[in-house]
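S.K.: Please see the structure below; I have some questions.
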Amino acid sequence: MEIIQRSSSIPMSAITPDSAASAGHTAPPIDVAKIVATIGIAASGPLIEVRDLSLRFSTGSEILAAVNLEVKRGEFVALLGPSGCGKSTLLRVMAGLIHNTGGEVTIDGLDPASARKYKHPLAFVFQDPTLLPWRTVRDNIRLPLELQGVPYAEQMKAVEASLPLIGLTTADATKRPRSLSGGMRMRVSLARALVTNPHILFMDEPFAALDDVLRQQLNEEVQALSRQKKWTCVFVTHNVAEAAFMADRVLVMRSKPGSIARVIDVPFAHPRTAALRESAEFAQFAGQVSRELREVMSW
Amino acid sequence: MVTGPASGVSTTASQWGTYFVRTIVPPLVLFVIVLMAWDGAVRFWGIKPYILPGPWRVLSAILSSREELTKAFLLTGGSAVAGFSLSVLVGTLVGCLFSQSTIIRSSGYPYAIFLQTVPIIAVAPLIILWFGRGFGGVVAVAFVISLFPMIANATAGMVQIDPDLFDLFKLNDASRWQILFKLRLPNSVPSLCTGARTSSGLAVVGAIVGEFYAGYGSKHFGLGYIIRLTTDQAKTDALFAAVMVSTLLGILIFGVVSLISLTVLARWAPPEVGERA
């Protein structure tokens with residue numbers, strides 16, 4: 001119901017951009033089937049589709065070429081690859097933050113910007129916590145809601161609900177980022193992402209700067225939370241164990257230009273706990289992914 | 001003795017205390033040493049008072065004309081504060097404007113640099129001519145000389161922002177106004193404080209230079225006017241007195257602005273724990 005309510009305000013230009021462009025001449029015929037498909041009444045098939053995507057900067061350098069991938073609803077996909085292979089750039093293109101120069105990205109049939117605005121709230125967790133230092137933890141967490149014009153009382157309610165989910169206390173909420181540890185700042189960043197109740201969560205190496213123990217702990221928490229909330233997740237990492245533990249599928253990227261080289265299904269059932277990492281199967285699988293990554297890198 | 005770093009100290013009072021001990025006390029100690037050396041030199045070499053009066057003679061000049069100096073201090077201080085306040089306001093507004101477009105910035109910035117490079121002593125008579133020979137003219141000179149640091153720092157603070165923060169705002173469909181008021185402006189506060197510290201000192205210089213050419217009407221003299229008058233009359237002790245009071249005014253305004261900056265910046269970053277020489 002919530003999806004349909006959100007969809008009711010989709011402008012025609014978001015649904016049929018081509019016809020909107022020609023609106024100056026004659027009114028375009030309304031494609032009922034397309035609208036029905038677009039607003040999510042028929043919610044089947046992949047949620048995110050990337051077709052023959054390419055990205056070339058104005059300097060001429062080709063960053064991404066012929067990228068094809070699909071992400072199903074509720075699926076957790078890891079983009080794994082060496083530094084500089086374009087995985088963070090691909091994630092930004094998928095979020096609509098960078099415009100591709102070729103191919104297309106659609107989220108439930110819409111371009112990313114329209115999809116995140118009208119239909120599928122999208123949250124992005126950056127590599128650094130990217131908190132506003134002049135705001136308290138609470139004010140940082142409620143920022144997306146504030147920008148979206150959500151009433152203050154609802155903002156506060158959502159913040160209070162998100163704090164325990166990500167291991168923060170009410171006392172933490174009054175602190176400023178400078179007085180928090182790196183791990184706590186990342187928790188605030190995660191809380192800021194989930195306060196909008198997103199359908200899609202993009203994470204760009206969010207735990208890369210954390211120590212191993214904290215990284216594993218947050219891997220477990222985010223993994224469990226993504227299952228509980230039924231998020232569709234795309235997680236960028238260069239850490240094989242992290243990708244193997246978190247994802248349902250691992251997409252291995254090659255570089256120069258970046259593209260998807262291998263797609264590996266992760267065989268482990270949910271829920272995944274710390275014990276999984278100590279199992280022989282996990283070590284074997286991580287070894288296999290590492291080999292595939294090395295092969296891709298040697299191309 | 002300089003106290004240790006303020007690590008772990010979170011109260012503003014403690015920060016102010018640390019600031020006082022580190023920033024105010026050392027120059028005061030040096031000032032006393034310089035006074036002693038000055039007095040010793042005047043006595044030792046028997047320097048004539050019209051060339052270099054001793055510190056006691058200057059002190060005597062200050063005391064004897066304290067009423068006149070106090071009035072001048074307040075007048076010049078008022079002009080400097082007014083010019084400085086205007087430069088903070090206008091500099092911040094120009095920074096907001098420059099942050100909105102690269103084209104606006106590259107069109108306007110060379111003219112802002114003009115403010116920095118123009119010799120104020122040369123244009124002050126023109127400014128006085130345009131803005132009048134009273135308070136307005138003096139404030140205008142103080143404003144012109146103190147504007148550039150505010151524009152430069154405001155623009156830098158509003159433009160140099162973590163690109164991820166822009167992406168965060170973009171992802172939440174923030175409007176241009178939201179980006180300005182919730183990101184650019186608060187992000188520029190540390191830069192604005194740096195600019196304000198520089199501008200505050202310049203505003204005092206500007207007010208005094210302005211008063212070289214303009215007064216506030218009969219019987220109302222600023223420090224600049226006194227400096228010029230006593231120079232013409234070769235009253236070196238009175239000149240020194242006016243210079244001393246001018247310096248005190250500069251230190252006072254700079255100190256107040258620095259203290260306000262320190263208090264404001266407590267929200268932005270941890271207290272500075274000292275620099276290594």
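For the structure tokens, the naming scheme is as follows: chains receive sequential letters (A, B, ...) according to their order of presentation, residues are indexed from 1 within each chain, and ligands are indexed from 1 in presentation order.
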With a cut-off of 6 Å and counting only C-alpha atoms, select all residues of chain B in contact with chain A and give the selection as a list in words.
M.R.: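 Per the criterion, chain B yields Asn172, Ala174, Arg267 and Trp268 of chain B.
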S.K.: Near region 65-72 of chain A, counting only C-alpha atoms, which residues have an atom at most 7 Å away, once you skip same-chain residues fewer than 4 positions from it, shown as a PDB file with C-alpha atoms, in the first residue's frame?
M.R.:
```pdb
ATOM      1  CA  GLY A  45      11.536  -9.336 -11.941  1.00  0.00           C
ATOM      2  CA  PRO A  46      14.776  -7.621 -10.973  1.00  0.00           C
ATOM      3  CA  LEU A  47      14.524  -4.384  -9.064  1.00  0.00           C
ATOM      4  CA  ILE A  48      17.739  -2.874 -10.410  1.00  0.00           C
ATOM      5  CA  GLU A  49      18.796  -3.446 -14.007  1.00  0.00           C
ATOM      6  CA  VAL A  50      21.983  -2.235 -15.623  1.00  0.00           C
ATOM      7  CA  ARG A  51      22.198  -2.724 -19.395  1.00  0.00           C
ATOM      8  CA  ASP A  52      25.339  -2.126 -21.495  1.00  0.00           C
ATOM      9  CA  LEU A  53      26.303   0.668 -19.191  1.00  0.00           C
ATOM     10  CA  SER A  54      29.340   2.738 -20.040  1.00  0.00           C
ATOM     11  CA  LEU A  55      30.916   5.817 -18.578  1.00  0.00           C
ATOM     12  CA  PRO A 257      37.596  -0.201 -18.066  1.00  0.00           C
ATOM     13  CA  GLY A 258      35.470  -1.513 -15.232  1.00  0.00           C
ATOM     14  CA  SER A 259      33.006  -4.259 -16.036  1.00  0.00           C
ATOM     15  CA  ILE A 260      31.510  -7.347 -14.437  1.00  0.00           C
TER      16      ILE A 260
END
```
S.K.: Can you pull out every residue within 12 Å of Tyr213 (chain B), counting only C-alpha atoms, but drop anything in the same chain fewer than 2 positions away, and send it as a ChimeraX atom specification?
M.R.: /B:120-129,131-135,137-138,141,206-211,215-216,221-229
S.K.: Give me, as JSON, numbers by chain, all polymer residues having an atom no more than 12 Å from region 271-288 of chain A, counting only C-alpha atoms and skipping those fewer than 4 positions away in the same chain.
M.R.: {"A": [213, 215, 216, 217, 218, 219, 220, 221, 222, 223, 224, 225, 226, 227, 228, 239, 240, 241, 242, 243, 244, 245, 246, 247, 248, 250, 252, 262, 264, 265, 266, 267, 292, 293, 294, 295]}
S.K.: Please produce a file of the residues just selected, as a JSON list (two decimals), in the first residue's frame, where the atoms kept are C-alpha atoms.
M.R.:
```json
[["chain", "number", "residue", "atom", "x", "y", "z"],
["A", 213, "VAL", "CA", 36.83, -7.11, 14.94],
["A", 215, "ARG", "CA", 34.25, -4.71, 10.82],
["A", 216, "GLN", "CA", 33.09, -8.30, 11.42],
["A", 217, "GLN", "CA", 30.65, -7.18, 14.10],
["A", 218, "LEU", "CA", 29.12, -4.56, 11.83],
["A", 219, "ASN", "CA", 29.04, -7.07, 8.94],
["A", 220, "GLU", "CA", 26.90, -9.35, 11.09],
["A", 221, "GLU", "CA", 24.62, -6.55, 12.28],
["A", 222, "VAL", "CA", 24.05, -5.06, 8.84],
["A", 223, "GLN", "CA", 23.54, -8.49, 7.31],
["A", 224, "ALA", "CA", 20.89, -9.37, 9.88],
["A", 225, "LEU", "CA", 19.23, -5.98, 9.57],
["A", 226, "SER", "CA", 19.08, -6.18, 5.78],
["A", 227, "ARG", "CA", 17.27, -9.52, 6.04],
["A", 228, "GLN", "CA", 14.92, -8.21, 8.68],
["A", 239, "ASN", "CA", 37.55, -7.56, 1.00],
["A", 240, "VAL", "CA", 36.82, -11.12, -0.13],
["A", 241, "ALA", "CA", 35.73, -12.43, 3.29],
["A", 242, "GLU", "CA", 33.38, -9.49, 3.76],
["A", 243, "ALA", "CA", 31.80, -10.05, 0.35],
["A", 244, "ALA", "CA", 31.42, -13.78, 1.00],
["A", 245, "PHE", "CA", 29.87, -13.25, 4.41],
["A", 246, "MET", "CA", 27.45, -10.46, 3.49],
["A", 247, "ALA", "CA", 26.23, -11.22, -0.01],
["A", 248, "ASP", "CA", 23.83, -13.53, -1.77],
["A", 250, "VAL", "CA", 29.31, -11.66, -5.53],
["A", 252, "VAL", "CA", 33.68, -9.64, -9.46],
["A", 262, "ARG", "CA", 32.34, -13.04, -12.86],
["A", 264, "ILE", "CA", 29.41, -16.01, -8.07],
["A", 265, "ASP", "CA", 26.43, -17.28, -6.07],
["A", 266, "VAL", "CA", 27.11, -17.48, -2.35],
["A", 267, "PRO", "CA", 25.95, -20.88, -1.05],
["A", 292, "GLU", "CA", 38.57, -15.82, -9.25],
["A", 293, "LEU", "CA", 39.52, -12.29, -8.25],
["A", 294, "ARG", "CA", 43.21, -12.97, -8.88],
["A", 295, "GLU", "CA", 42.42, -14.45, -12.29]]
```
S.K.: Can you pull out the residues contacting region 31-36 of chain B? Cut-off 10 Å, using only C-alpha atoms, and skip same-chain residues under 6 positions away; I want them as a ChimeraX atom specification.
M.R.: /B:25,54-56
S.K.: Quick check, in Å to one decimal: how far apart do CA of Ala115 (chain A) and CA of Asp173 (chain B) lie?
M.R.: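 Computing the Euclidean distance for CA of Ala115 (chain A) and CA of Asp173 (chain B) yields 12.1 Å.
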S.K.: With only C-alpha atoms as the counted atoms, please give the residues lying no more than 9 Å from Cys233 (chain A), apart from itself and same-chain residues fewer than 3 positions off, as number ranges by chain.
M.R.: A: 71, 73-78, 199-203, 226, 247
